[in-house]
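Text of the file final00.cif, holding mmCIF, C-alpha atoms:
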```cif
data_structure
#
loop_
_atom_site.group_PDB
_atom_site.id
_atom_site.type_symbol
_atom_site.label_atom_id
_atom_site.label_comp_id
_atom_site.auth_asym_id
_atom_site.auth_seq_id
_atom_site.Cartn_x
_atom_site.Cartn_y
_atom_site.Cartn_z
ATOM 1 C CA MET W 1 49.763 62.789 34.860
ATOM 2 C CA THR W 2 50.493 66.396 33.868
ATOM 3 C CA ALA W 3 52.137 68.645 36.467
ATOM 4 C CA THR W 4 51.631 72.416 36.332
ATOM 5 C CA VAL W 5 53.296 75.274 38.184
ATOM 6 C CA ARG W 6 52.303 78.936 38.087
ATOM 7 C CA SER W 7 54.613 81.914 38.617
ATOM 8 C CA SER W 8 53.941 84.048 41.650
ATOM 9 C CA GLN W 9 54.778 87.641 42.472
ATOM 10 C CA ALA W 10 55.582 86.443 45.974
ATOM 11 C CA THR W 11 58.622 84.529 44.694
ATOM 12 C CA SER W 12 61.727 85.898 46.404
ATOM 13 C CA PRO W 13 64.269 87.555 44.099
ATOM 14 C CA PRO W 14 67.634 85.784 43.848
ATOM 15 C CA ASP W 15 70.438 86.819 46.161
ATOM 16 C CA PRO W 16 72.415 89.575 44.351
ATOM 17 C CA GLU W 17 75.826 87.977 45.045
ATOM 18 C CA TRP W 18 74.588 84.592 43.775
ATOM 19 C CA LEU W 19 73.171 86.254 40.659
ATOM 20 C CA ILE W 20 76.425 88.103 39.929
ATOM 21 C CA ASN W 21 78.331 84.845 40.356
ATOM 22 C CA GLN W 22 76.072 82.949 37.935
ATOM 23 C CA ILE W 23 76.148 85.671 35.273
ATOM 24 C CA ALA W 24 79.931 85.915 35.428
ATOM 25 C CA HIS W 25 80.372 82.148 35.104
ATOM 26 C CA ALA W 26 77.966 82.019 32.156
ATOM 27 C CA LEU W 27 79.922 84.692 30.268
ATOM 28 C CA ARG W 28 83.457 83.443 30.868
ATOM 29 C CA ASN W 29 83.483 80.669 28.229
ATOM 30 C CA PRO W 30 82.261 82.772 25.267
ATOM 31 C CA ILE W 31 84.655 85.573 26.222
ATOM 32 C CA PHE W 32 87.558 83.128 26.363
ATOM 33 C CA ALA W 33 86.588 81.701 22.961
ATOM 34 C CA ALA W 34 86.348 85.183 21.427
ATOM 35 C CA THR W 35 89.735 86.120 22.920
ATOM 36 C CA VAL W 36 91.364 83.076 21.287
ATOM 37 C CA GLN W 37 89.807 84.034 17.927
ATOM 38 C CA ALA W 38 91.041 87.624 18.278
ATOM 39 C CA GLU W 39 94.575 86.386 18.976
ATOM 40 C CA ALA W 40 94.414 84.095 15.930
ATOM 41 C CA LEU W 41 93.172 86.968 13.768
ATOM 42 C CA LEU W 42 96.015 89.188 14.968
ATOM 43 C CA LEU W 43 98.536 86.555 13.893
ATOM 44 C CA LYS W 44 96.947 86.208 10.439
ATOM 45 C CA VAL W 45 96.614 89.859 9.439
ATOM 46 C CA GLY W 46 100.383 90.318 9.178
ATOM 47 C CA GLY W 47 101.261 93.692 7.690
ATOM 48 C CA GLN W 48 97.667 94.832 7.210
ATOM 49 C CA ASP W 49 97.816 97.727 9.650
ATOM 50 C CA ALA W 50 94.107 98.597 9.701
ATOM 51 C CA LEU W 51 93.074 95.013 10.426
ATOM 52 C CA ALA W 52 95.844 94.650 13.004
ATOM 53 C CA ARG W 53 94.621 97.769 14.841
ATOM 54 C CA SER W 54 91.063 96.458 14.836
ATOM 55 C CA ALA W 55 92.152 93.038 16.104
ATOM 56 C CA THR W 56 94.248 94.668 18.836
ATOM 57 C CA MET W 57 91.312 96.843 19.890
ATOM 58 C CA ILE W 58 89.014 93.799 20.048
ATOM 59 C CA GLN W 59 91.630 91.933 22.062
ATOM 60 C CA GLY W 60 91.942 94.824 24.518
ATOM 61 C CA GLN W 61 88.170 95.157 24.978
ATOM 62 C CA LEU W 62 87.839 91.409 25.606
ATOM 63 C CA LYS W 63 90.592 91.583 28.218
ATOM 64 C CA ARG W 64 88.791 94.414 29.979
ATOM 65 C CA LEU W 65 85.558 92.424 29.935
ATOM 66 C CA ALA W 66 87.341 89.342 31.316
ATOM 67 C CA ASP W 67 88.886 91.475 34.082
ATOM 68 C CA ASP W 68 85.452 92.887 34.938
ATOM 69 C CA LEU W 69 84.020 89.372 35.168
ATOM 70 C CA ASP W 70 86.835 88.371 37.510
ATOM 71 C CA GLU W 71 85.801 91.320 39.708
ATOM 72 C CA MET W 72 82.215 90.063 39.715
ATOM 73 C CA LEU W 73 83.344 86.567 40.684
ATOM 74 C CA LEU W 74 85.430 87.920 43.563
ATOM 75 C CA LEU W 75 82.456 89.977 44.693
ATOM 76 C CA GLY W 76 79.987 87.117 44.338
ATOM 77 C CA ARG W 77 81.777 84.368 46.229
ATOM 78 C CA PRO W 78 82.925 84.160 49.859
ATOM 79 C CA ALA W 79 86.482 85.288 50.616
ATOM 80 C CA ARG W 80 88.530 82.168 51.366
ATOM 81 C CA LEU W 81 91.873 82.990 52.936
ATOM 82 C CA SER W 82 95.150 81.067 52.952
ATOM 83 C CA VAL W 83 96.936 82.679 55.896
ATOM 84 C CA ARG W 84 100.714 82.545 56.229
ATOM 85 C CA MET W 85 103.623 84.831 57.021
ATOM 86 C CA ALA W 86 104.356 87.196 54.132
ATOM 87 C CA ASP W 87 106.490 90.259 53.475
ATOM 88 C CA LEU W 88 104.137 93.143 52.712
ATOM 89 C CA ALA W 89 106.983 95.308 51.395
ATOM 90 C CA GLY W 90 107.869 92.570 48.908
ATOM 91 C CA ILE W 91 104.256 92.329 47.771
ATOM 92 C CA ALA W 92 104.156 96.114 47.304
ATOM 93 C CA VAL W 93 107.295 95.981 45.132
ATOM 94 C CA GLU W 94 105.783 93.185 42.992
ATOM 95 C CA VAL W 95 102.588 95.157 42.440
ATOM 96 C CA ALA W 96 104.545 98.313 41.565
ATOM 97 C CA ARG W 97 106.684 96.431 39.028
ATOM 98 C CA SER W 98 103.646 94.852 37.396
ATOM 99 C CA PHE W 99 102.152 98.303 36.739
ATOM 100 C CA CYS W 100 105.446 99.852 35.591
ATOM 101 C CA SER W 101 105.917 97.102 32.981
ATOM 102 C CA GLY W 102 102.255 96.474 32.104
ATOM 103 C CA PRO W 103 100.426 97.144 28.825
ATOM 104 C CA THR W 104 100.586 100.744 27.650
ATOM 105 C CA GLY W 105 96.984 101.455 28.620
ATOM 106 C CA ASP W 106 97.497 100.208 32.170
ATOM 107 C CA ARG W 107 101.058 101.367 32.739
ATOM 108 C CA ALA W 108 101.839 103.663 35.648
ATOM 109 C CA ALA W 109 104.928 104.941 37.431
ATOM 110 C CA VAL W 110 104.609 103.481 40.939
ATOM 111 C CA GLU W 111 107.200 104.300 43.601
ATOM 112 C CA VAL W 112 107.410 102.168 46.761
ATOM 113 C CA ARG W 113 108.395 103.952 49.962
ATOM 114 C CA GLY W 114 108.673 103.129 53.649
ATOM 115 C CA ALA W 115 109.753 99.842 55.227
ATOM 116 C CA ALA W 116 112.164 97.674 53.242
ATOM 117 C CA THR W 117 110.611 94.560 54.790
ATOM 118 C CA LEU W 118 107.434 94.150 56.836
ATOM 119 C CA PRO W 119 106.466 90.565 57.752
ATOM 120 C CA LEU W 120 102.823 89.957 58.674
ATOM 121 C CA MET W 121 100.442 87.031 59.076
ATOM 122 C CA CYS W 122 97.986 87.461 56.218
ATOM 123 C CA ASP W 123 96.826 86.030 52.915
ATOM 124 C CA PRO W 124 99.417 87.460 50.497
ATOM 125 C CA ASP W 125 97.183 86.822 47.476
ATOM 126 C CA ALA W 126 94.361 88.823 49.059
ATOM 127 C CA VAL W 127 96.742 91.673 49.962
ATOM 128 C CA ARG W 128 98.108 91.673 46.418
ATOM 129 C CA ALA W 129 94.582 91.761 44.960
ATOM 130 C CA ILE W 130 93.659 94.718 47.174
ATOM 131 C CA LEU W 131 96.815 96.673 46.293
ATOM 132 C CA GLU W 132 96.335 96.030 42.573
ATOM 133 C CA ARG W 133 92.896 97.593 42.737
ATOM 134 C CA LEU W 134 94.011 100.572 44.793
ATOM 135 C CA VAL W 135 96.983 101.241 42.495
ATOM 136 C CA ARG W 136 94.829 100.816 39.384
ATOM 137 C CA ASN W 137 92.374 103.386 40.713
ATOM 138 C CA ALA W 138 95.233 105.794 41.456
ATOM 139 C CA ALA W 139 96.768 105.266 38.010
ATOM 140 C CA GLN W 140 93.450 105.839 36.239
ATOM 141 C CA HIS W 141 93.032 109.186 37.989
ATOM 142 C CA SER W 142 96.609 110.403 37.410
ATOM 143 C CA GLN W 143 98.252 112.021 34.424
ATOM 144 C CA ALA W 144 100.754 109.826 32.576
ATOM 145 C CA ALA W 145 103.768 111.729 33.919
ATOM 146 C CA GLN W 146 102.615 111.611 37.556
ATOM 147 C CA VAL W 147 103.992 109.139 40.080
ATOM 148 C CA VAL W 148 101.756 106.979 42.263
ATOM 149 C CA ASP W 149 103.253 106.504 45.739
ATOM 150 C CA LEU W 150 102.867 103.173 47.555
ATOM 151 C CA GLU W 151 104.047 103.490 51.161
ATOM 152 C CA VAL W 152 104.480 100.542 53.545
ATOM 153 C CA THR W 153 104.552 101.265 57.296
ATOM 154 C CA GLY W 154 103.897 99.463 60.565
ATOM 155 C CA GLY W 155 100.488 99.932 62.165
ATOM 156 C CA GLU W 156 98.956 99.748 65.617
ATOM 157 C CA GLY W 157 99.444 96.579 67.652
ATOM 158 C CA GLY W 158 101.895 95.052 65.207
ATOM 159 C CA GLY W 159 99.683 95.547 62.171
ATOM 160 C CA ALA W 160 100.464 97.377 58.940
ATOM 161 C CA VAL W 161 99.301 100.260 56.756
ATOM 162 C CA LEU W 162 99.800 100.315 52.987
ATOM 163 C CA ALA W 163 98.989 103.736 51.544
ATOM 164 C CA VAL W 164 98.471 104.469 47.824
ATOM 165 C CA ARG W 165 98.634 108.186 46.937
ATOM 166 C CA ASP W 166 97.863 109.851 43.627
ATOM 167 C CA ARG W 167 98.045 113.482 42.529
ATOM 168 C CA GLY W 168 94.857 113.492 40.521
ATOM 169 C CA GLU W 169 91.725 115.612 40.661
ATOM 170 C CA GLY W 170 90.521 114.131 43.938
ATOM 171 C CA ILE W 171 86.994 113.022 44.854
ATOM 172 C CA ALA W 172 84.116 115.409 45.466
ATOM 173 C CA PRO W 173 83.122 115.354 49.173
ATOM 174 C CA GLU W 174 79.511 114.434 48.348
ATOM 175 C CA LEU W 175 80.697 111.255 46.599
ATOM 176 C CA LEU W 176 83.024 109.940 49.307
ATOM 177 C CA ASP W 177 80.339 108.026 51.209
ATOM 178 C CA LYS W 178 79.331 106.191 48.001
ATOM 179 C CA ILE W 179 82.671 105.028 46.607
ATOM 180 C CA PHE W 180 82.536 101.557 48.179
ATOM 181 C CA LEU W 181 79.125 100.802 46.653
ATOM 182 C CA PRO W 182 79.176 98.243 43.803
ATOM 183 C CA PHE W 183 78.850 99.761 40.317
ATOM 184 C CA PHE W 184 79.656 103.230 41.641
ATOM 185 C CA PRO W 185 81.510 105.272 40.651
ATOM 186 C CA GLN W 186 81.924 104.011 37.090
ATOM 187 C CA HIS W 187 85.047 105.216 35.310
ATOM 188 C CA ARG W 188 85.926 105.017 31.615
ATOM 189 C CA GLY W 189 83.240 102.415 31.032
ATOM 190 C CA ARG W 190 84.384 100.133 33.868
ATOM 191 C CA PRO W 191 81.688 98.771 36.213
ATOM 192 C CA GLY W 192 83.074 100.288 39.407
ATOM 193 C CA LEU W 193 83.705 97.109 41.421
ATOM 194 C CA GLY W 194 87.386 97.545 42.331
ATOM 195 C CA LEU W 195 86.913 99.330 45.658
ATOM 196 C CA THR W 196 83.988 97.068 46.588
ATOM 197 C CA VAL W 197 86.158 93.978 46.075
ATOM 198 C CA ALA W 198 89.123 95.582 47.868
ATOM 199 C CA ALA W 199 86.936 96.415 50.886
ATOM 200 C CA LYS W 200 85.467 92.902 50.981
ATOM 201 C CA LEU W 201 88.923 91.285 51.014
ATOM 202 C CA ALA W 202 90.237 93.790 53.581
ATOM 203 C CA HIS W 203 87.351 93.018 55.940
ATOM 204 C CA ALA W 204 87.993 89.269 55.547
ATOM 205 C CA LEU W 205 91.573 89.977 56.695
ATOM 206 C CA GLY W 206 90.227 91.814 59.743
ATOM 207 C CA GLY W 207 91.165 95.221 58.370
ATOM 208 C CA TYR W 208 89.605 97.924 56.223
ATOM 209 C CA VAL W 209 90.219 100.348 53.368
ATOM 210 C CA GLU W 210 90.158 104.072 54.129
ATOM 211 C CA ILE W 211 89.949 106.804 51.492
ATOM 212 C CA SER W 212 90.996 110.427 52.046
ATOM 213 C CA SER W 213 90.686 112.956 49.252
ATOM 214 C CA GLU W 214 90.984 116.659 48.584
ATOM 215 C CA PRO W 215 89.546 118.021 45.326
ATOM 216 C CA GLY W 216 92.362 119.251 43.132
ATOM 217 C CA ALA W 217 95.080 117.734 45.324
ATOM 218 C CA GLY W 218 94.678 113.975 44.933
ATOM 219 C CA THR W 219 93.516 110.914 46.846
ATOM 220 C CA THR W 220 95.077 108.539 49.376
ATOM 221 C CA ALA W 221 93.752 104.996 49.827
ATOM 222 C CA ARG W 222 94.994 103.145 52.923
ATOM 223 C CA LEU W 223 94.815 99.416 53.502
ATOM 224 C CA VAL W 224 94.910 98.961 57.282
ATOM 225 C CA LEU W 225 95.659 95.422 58.483
ATOM 226 C CA PRO W 226 95.807 93.871 61.974
ATOM 227 C CA ALA W 227 98.729 91.745 63.224
ATOM 228 C CA SER W 228 96.831 88.648 62.037
ATOM 229 C CA PRO W 229 93.443 87.926 60.426
ATOM 230 C CA PRO W 230 90.523 86.820 62.591
ATOM 231 C CA ALA W 231 90.054 83.088 63.126
ATOM 232 C CA ALA W 232 87.858 81.446 60.500
ATOM 233 C CA GLY W 233 84.344 80.523 61.604
ATOM 234 C CA PRO W 234 83.142 76.914 61.896
#
```

Would you mind writing the file's structure down as structure tokens?
Amino acid sequence: MTATVRSSQATSPPDPEWLINQIAHALRNPIFAATVQAEALLLKVGGQDALARSATMIQGQLKRLADDLDEMLLLGRPARLSVRMADLAGIAVEVARSFCSGPTGDRAAVEVRGAATLPLMCDPDAVRAILERLVRNAAQHSQAAQVVDLEVTGGEGGGAVLAVRDRGEGIAPELLDKIFLPFFPQHRGRPGLGLTVAAKLAHALGGYVEISSEPGAGTTARLVLPASPPAAGP
């Protein structure tokens, strides 16, 4: 017996987060395979400068694409926390060092200020992921010689505030209420998911991300965290 099904305009569109998750998973394997081939090509070209530059450029573009897919995966799946006591000042120092010693295109001078130690119940991996995105945003909007400040201070009720300050061009007032939207604002060809992911993780921790900016004077992004994350639901 032949079975037949007809498409219908009444069919509900897929959930956007589910769709992002599926697309990202589908693209990861071919990107990984292409990255391996680019690395192999770079090893083979030897002293052929033109080919080496091309292979390096391909490698860099694939890394950017892989990073963007990781952002989509973080956006598309629920935030699962592993809560434990962690030193926020230590996490800030680790993030600063990773940017100071990173690849040339991502390198930034990041100076940590404030508390030398600040223990807090949190998910340190989530805090690190948030700070990486806030610092990356600050670095992308700063001149190479400018320093990005990362300040760690205590917050209300035993919580904490981690502030990332740049000295860039700032954000136009009419754009401020849109900066947490996914895919906006896009910068240098990137999809504009960093602040969306940072806000999602901050909310899972019971906190939030706050952006203050003055055109021509720079931007400050604050991660505000409570003394401990909310209890997980059933």

Kindly list the centre and edge lengths in Å, rounded to one decimal, for the axis-aligned box that covers all listed atoms of region 83-102 of chain W plus 5 Å on each of its six sides, as JSON.
```
{"center_x": 102.4, "center_y": 91.2, "center_z": 44.6, "size_x": 20.9, "size_y": 27.3, "size_z": 34.9}
```

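CA of Ala199 (chain W) to CA of Asn29 (chain W) spans 27.8 Å [interatomic distance, one decimal].
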
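CA of Arg128 (chain W) is positioned 12.8 Å from CA of Ser82 (chain W).
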
Exercise for review: Tell me which protein, DNA and RNA residues are within 9 Å of Leu176 (chain W), counting only C-alpha atoms, leaving out same-chain ones fewer than 6 positions away, and put them as number ranges by chain.
Suggested key: W: 211-213

**Study point:** Answer as a ChimeraX atom specification, residues within 9 Å of (93.9, 114.4, 39.9) using all atoms listed in the file
**Key:** /W:138,141-143,166-171,215-219

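CA of Pro78 (chain W) is found 20.4 Å from CA of Val224 (chain W).
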
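Ranking W:Lys63, W:Arg113, W:Arg80, W:Arg6 by their shortest atom-to-atom distance to Val93 (chain W), with all atoms listed in the file included, puts W:Arg113 first.
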
Exercise for review: List the residues matched by the PyMOL selection byres ((chain W and resi 22-27) around 12) in the displayed structure as a PyMOL selection string, ordered by chain and then by residue number.
Suggested key: chain W and resi 14-21+28-34+62+65-77

Practice item. Take the point (100.3, 89.6, 61.5) as written in the file and pick out every residue within 7 Å of it, counting only C-alpha atoms; give the list as JSON, numbers by chain. Key: {"W": [120, 121, 122, 158, 159, 226, 227, 228]}

Practice item. Expand the PyMOL selection byres ((chain W and resi 160) around 12) into the individual residues it matches in the shown file, reporting them as an NGL selection string. Key: :W and (86-89 or 114-115 or 117-122 or 127 or 151-159 or 161-163 or 205-208 or 222-229)

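Distances to Val197 (chain W) were evaluated for W:Glu111, W:Asp177, W:Glu132, W:Glu214 using all atoms listed in the file, and the minimum falls at W:Glu132.
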
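Across W:Leu150, W:Ala202, W:Ala79, W:Ala38, the tightest approach to Ile91 (chain W) is made by W:Leu150 when counting all atoms listed in the file.
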
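Minimum distance to Ala126 (chain W) across W:Gln61, W:Val5, W:Ala55, W:Arg84 (counting only C-alpha atoms) occurs at W:Arg84.
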
Using all atoms listed in the file, determine which residues lie at most 12 Å from Met57 (chain W), disregarding the query and same-chain residues fewer than 4 positions distant; provide the list as a PDB file with C-alpha atoms, in the frame of the given file.
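Final output, saved to part.pdb:
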```
ATOM      1  CA  THR W  35      89.735  86.120  22.920  1.00  0.00           C
ATOM      2  CA  ALA W  38      91.041  87.624  18.278  1.00  0.00           C
ATOM      3  CA  GLU W  39      94.575  86.386  18.976  1.00  0.00           C
ATOM      4  CA  LEU W  41      93.172  86.968  13.768  1.00  0.00           C
ATOM      5  CA  LEU W  42      96.015  89.188  14.968  1.00  0.00           C
ATOM      6  CA  ALA W  50      94.107  98.597   9.701  1.00  0.00           C
ATOM      7  CA  LEU W  51      93.074  95.013  10.426  1.00  0.00           C
ATOM      8  CA  ALA W  52      95.844  94.650  13.004  1.00  0.00           C
ATOM      9  CA  ARG W  53      94.621  97.769  14.841  1.00  0.00           C
ATOM     10  CA  GLN W  61      88.170  95.157  24.978  1.00  0.00           C
ATOM     11  CA  LEU W  62      87.839  91.409  25.606  1.00  0.00           C
ATOM     12  CA  LYS W  63      90.592  91.583  28.218  1.00  0.00           C
ATOM     13  CA  ARG W  64      88.791  94.414  29.979  1.00  0.00           C
ATOM     14  CA  GLY W 105      96.984 101.455  28.620  1.00  0.00           C
TER      15      GLY W 105
END
```
